[in-house]
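Below you'll find the structure, written out as structure tokens, and then a few comments.
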Protein chains: 2
Amino acid sequence: MAKFQISILGCGSATPTARHQPSCQVIDFRDKLFMIDCGEGAQLQFRRMGLKFSRLNHIFISHLHGDHLFGLPGLLSTMALHEVSGSVTVHIFKEGAHLLKEWMDYFNRNAPFEIIYDVIEEGERRIVYEDSGLTVETFPLYHRTPCTGFIFREKPKLRHLKGDMVKYLNIPVWQLKNIKEGADWVKDDGTIIPNSHLTTEAEPSVSYAYCSDTMFDRRVAESIQGVDTIYHEATYDNSLEQKARERGHSTARQAAEIAKLSGAKRLIIGHFSKRYNSEEILLDEAKEVFPNVVLANEGLRIDLI
Amino acid sequence: MAKFQISILGCGSATPTARHQPSCQVIDFRDKLFMIDCGEGAQLQFRRMGLKFSRLNHIFISHLHGDHLFGLPGLLSTMALHEVSGSVTVHIFKEGAHLLKEWMDYFNRNAPFEIIYDVIEEGERRIVYEDSGLTVETFPLYHRTPCTGFIFREKPKLRHLKGDMVKYLNIPVWQLKNIKEGADWVKDDGTIIPNSHLTTEAEPSVSYAYCSDTMFDRRVAESIQGVDTIYHEATYDNSLEQKARERGHSTARQAAEIAKLSGAKRLIIGHFSKRYNSEEILLDEAKEVFPNVVLANEGLRIDLI
């Protein structure tokens with residue numbers, strides 16, 4: 001099975017602690033790595049989890065708070081020491097691109113790779129990455145500062161050929177890709193064999209949405225409608241709902257509400273306040289609203305397929 | 001006894017690893033904390049070692065390589081969250097001051113303390129910090145980029161009063177500070193009682209020199225002549241002397257040579273290349289030249305008094 005896996009490198013908030021690193025995740029999609037947010041210490045977690053710098057070419061930064069990006073200078077400098085070549089694209093709001101570029105032009109000027117800055121605009125919905133199998137698109141979150149979420153979507157997969165029919169109809173090999181993509185087959189005598197006779201359903205395409213940091217807002221659920229697995233911040237428990245709103249964050253219950261409203265199959269919660277010595281309270285609270293909840297934790301890997 | 005203690009927060013080189021953090025030390029001088037260098041992850045090590053942000057008001061950066069300063073944005077931001085007030089002075093080369101200020105003006109603009117940038121000039125020898133008991137002065141190191149060392153010197157201490165003499169001569173209390181500082185006493189009849197009759201020797205003042213990063217250069221030993229304890233980088237073992245020179249670093253043997261040449265009482269070595277799974281080879285090599293060598297290690301505390 002093709003790989004589509006999340007690695008949690010950090011799921012704390014505000015500041016690194018003995019229990020949690022600041023925000024960072026890596027998506028492994030068919031051996032290409034995509035980093036979302038890059039809190040201080042991300043490079044070390046990256047290596048601890050056995051991930052390969054040479055496979056990392058895109059970094060997505062949700063917003064310009066330090067706990068989501070202070071790991072960038074160190075990560076990019078270490079990638080230079082590891083002689084990563086080609087390019088690394090950092091998808092980031094404009095001021096962040098400017099500030100990062102200033103540091104990299106000084107501290108990482110001899111890097112053997114190019115850093116490309118892809119400027120995200122506030123409120124933008126745009127496909128910021130695309131290859132033959134995957135798209136990554138932005139959507140707005142609602143924090144104290146401009147903030148964007150990211151949806152990773154597998155592209156529609158190919159249908160499965162019915163081998164016996166292909167053989168019986170003697171369809172040439174060079175036509176099979178079309179058939180897998182849904183084309184009908186026209187015999188020499190003009191008879192049309194509909195695709196449904198030639199193939200069975202493709203496996204469903206899988207999707208993942210990253211929602212951190214944000215206050216509870218139903219528009220988030222609309223933006224990620226139908227996504228299979230969502231990561232939603234759950235900084236606080238429900239007793240701190242007022243504080244959550246004031247600070248542009250969510251409670252675990254609110255994260256679960258978004259999962260429910262969006263029709264998700266699975267919810268991962270993270271960005272935990274350091275006040276919790278155990279996040280079980282957040283897990284229990286979320287599960288009251290939405291059954292399939294996973295607590296993020298450093299070192300955790302979750303297969304999306 | 002008044003405190004004068006080094007805490008080693010990081011003693012690796014280039015990049016954080018599972019074994020070592022990048023460079024960072026904290027000097028505790030009578031409960032004031034002074035940080036030297038601030039590699040990524042310094043803030044976490046600082047808290048792990050039970051140090052108090054509120055006591056840290058001066059940070060000294062030896063040079064503008066990432067492994068000596070990428071921890072600054074996170075440290076200063078966390079200090080803001082901890083509501084440190086007053087001021088924090090960062091002693092740093094000019095371009096570093098500029099780059100750090102740009103980041104802090106954006107990411108830490110609401111900090112409840114002021115950040116003061118004290119610009120160090122290349123090659124400068126200057127007292128960059130002074131209080132009633134301590135001076136910190138710069139001196140040049142010889143690396144691939146401008147680099148400065150720091151000498152922490154206790155000021156001369158007060159002599160000890162001979163209580164019986166003071167009582168016998170009926171010296172008034174308000175005169176005792178002068179006597180401790182070395183003044184003679186003039187009796188009403190004009191007789192001069194020399195200070196040596198009134199006091200015994202003060203305890204010796206203690207000093208510490210930080211030398212990282214630098215290639216072997218005898219001028220370093222001249223600059224730190226007579227300092228009690230020196231920290232000197234020992235990135236490589238002697239078999240890599242050529243590489244050390246090319247990269248502006250030292251071997252363990254060379255660090256020990258500097259300790260010997262400077263007349264130090266104790267040498268701490270650090271800034272270890274990540275190629276070593278154990279630094280015993282570096283320790284053994286240094287001890288062949290200079291007997292009293294300590295391997296730096298994360299979490300180590302060394303009393304200078």
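Just remember, in the structure tokens the first chain shown is A, the second B, etc., residues are 1-based per chain, and ligands are 1-based in the order shown.
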
(message) Set the distance at 9 Å and use only C-alpha atoms: which residues neighbour region 1-15 of chain A once local chain neighbours fewer than 2 positions away are removed? I'd like the list as number ranges by chain.
(response) A: 17, 19-31, 38-42, 45-46, 49, 65-68, 154, 206, 233, 235, 269-274, 296-305; B: 43-44, 74, 77-78, 81

(message) When you look at Ser250 (chain B) with a cut-off of 9 Å (counting only C-alpha atoms), what residues show up, excluding the ones that are within fewer than 4 positions of it in the same chain? I need them as a list of chain:residue names.
(response)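 In the requested form, the answer reads B:Asp213, B:Thr214, B:Met215, B:Phe216, B:His232, B:Glu233, B:Ala234, B:Thr235, B:Tyr236, B:Asp237, B:Asn238, B:Glu241, B:Ala244, B:Arg245, B:Gln254, B:Ala255.
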
Would you output that residue set with N, CA, C and O atoms, as a tab-separated table (two decimals), in the first residue's frame?
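Heads up, here's the output in result.tsv:
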chain	number	residue	atom	x	y	z
B	213	ASP	N	34.45	29.59	19.39
B	213	ASP	CA	35.24	28.61	18.65
B	213	ASP	C	36.56	29.26	18.23
B	213	ASP	O	36.58	30.44	17.88
B	214	THR	N	37.59	28.46	18.16
B	214	THR	CA	38.88	29.03	17.76
B	214	THR	C	39.84	27.94	17.30
B	214	THR	O	39.80	26.82	17.80
B	215	MET	N	40.68	28.31	16.36
B	215	MET	CA	41.81	27.44	16.06
B	215	MET	C	42.87	27.67	17.12
B	215	MET	O	42.79	28.61	17.92
B	216	PHE	N	43.87	26.79	17.16
B	216	PHE	CA	44.98	26.96	18.10
B	216	PHE	C	45.74	28.22	17.74
B	216	PHE	O	46.16	28.41	16.60
B	232	HIS	N	37.87	25.62	26.80
B	232	HIS	CA	38.42	25.76	25.45
B	232	HIS	C	37.80	24.70	24.57
B	232	HIS	O	37.66	23.55	24.97
B	233	GLU	N	37.41	25.09	23.38
B	233	GLU	CA	36.83	24.10	22.47
B	233	GLU	C	37.85	23.03	22.13
B	233	GLU	O	39.06	23.28	22.05
B	234	ALA	N	37.36	21.82	21.93
B	234	ALA	CA	38.19	20.68	21.52
B	234	ALA	C	37.31	19.85	20.59
B	234	ALA	O	36.84	18.77	20.92
B	235	THR	N	37.09	20.43	19.40
B	235	THR	CA	36.14	19.81	18.47
B	235	THR	C	36.63	18.43	18.03
B	235	THR	O	35.83	17.50	17.89
B	236	TYR	N	37.93	18.31	17.82
B	236	TYR	CA	38.49	17.09	17.22
B	236	TYR	C	39.59	16.49	18.09
B	236	TYR	O	40.15	17.16	18.96
B	237	ASP	N	39.94	15.26	17.76
B	237	ASP	CA	41.15	14.67	18.34
B	237	ASP	C	42.33	14.99	17.45
B	237	ASP	O	42.18	15.52	16.34
B	238	ASN	N	43.50	14.66	17.94
B	238	ASN	CA	44.73	15.11	17.31
B	238	ASN	C	44.94	14.58	15.88
B	238	ASN	O	45.62	15.21	15.07
B	241	GLU	N	44.01	17.16	13.16
B	241	GLU	CA	44.56	18.51	13.36
B	241	GLU	C	44.44	19.37	12.10
B	241	GLU	O	44.12	20.56	12.17
B	244	ALA	N	40.93	20.46	11.73
B	244	ALA	CA	40.66	21.47	12.77
B	244	ALA	C	41.11	22.85	12.28
B	244	ALA	O	40.36	23.82	12.35
B	245	ARG	N	42.33	22.91	11.76
B	245	ARG	CA	42.85	24.20	11.31
B	245	ARG	C	42.02	24.75	10.14
B	245	ARG	O	41.65	25.92	10.13
B	254	GLN	N	45.48	20.58	21.48
B	254	GLN	CA	45.72	22.02	21.35
B	254	GLN	C	45.03	22.81	22.47
B	254	GLN	O	45.59	23.79	22.97
B	255	ALA	N	43.84	22.38	22.84
B	255	ALA	CA	43.15	23.04	23.96
B	255	ALA	C	44.02	22.94	25.21
B	255	ALA	O	44.17	23.92	25.97

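When chain B is least-squares superimposed on chain A using all C-alpha positions, the deviation that remains is 0.1 Å RMSD.
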
(request) May I have all residues of region 49-130 of chain B that DSSP, computed from the backbone, assigns to helix (DSSP H, G or I), given as an NGL selection string? (result) :B and (53-55 or 66-68 or 72-81 or 94-107)

(request) Skip Tyr210 (chain B) itself and residues of its chain fewer than 4 positions away, then list as a list in words all residues within 7 Å of it, counting only C-alpha atoms. (result) Gly149, Phe150, Ile151, Ile230, Tyr231 and His232 of chain B

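We find CA of Asn170 (chain B) and CA of Pro156 (chain B) to be spaced 26.3 Å apart.
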
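What separates CA of Leu169 (chain B) from CA of Glu201 (chain B) is a distance of 19.7 Å.
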
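Nearest to Asp184 (chain B) of all the residues B:Glu130, B:Glu203, B:Leu295, B:Leu161 is B:Leu161, based on only C-alpha atoms.
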
(request) Just give me the gap between CA of Pro146 (chain A) and CA of His63 (chain A) in Å, one decimal is fine. (result)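 Distance between the two atoms: 6.3 Å.
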
(request) Go through B:Leu75, B:Ile36, B:Ile59, B:Ala256 and flag the residue nearest chain A, using only C-alpha atoms for the distances. (result) B:Leu75

(message) Quick one: residues within 12 Å of Tyr168 (chain B), only C-alpha atoms, excluding same-chain residues fewer than 6 positions away - as a list in words?
(response) Lys162, Lys187, His197 and Leu198 of chain B
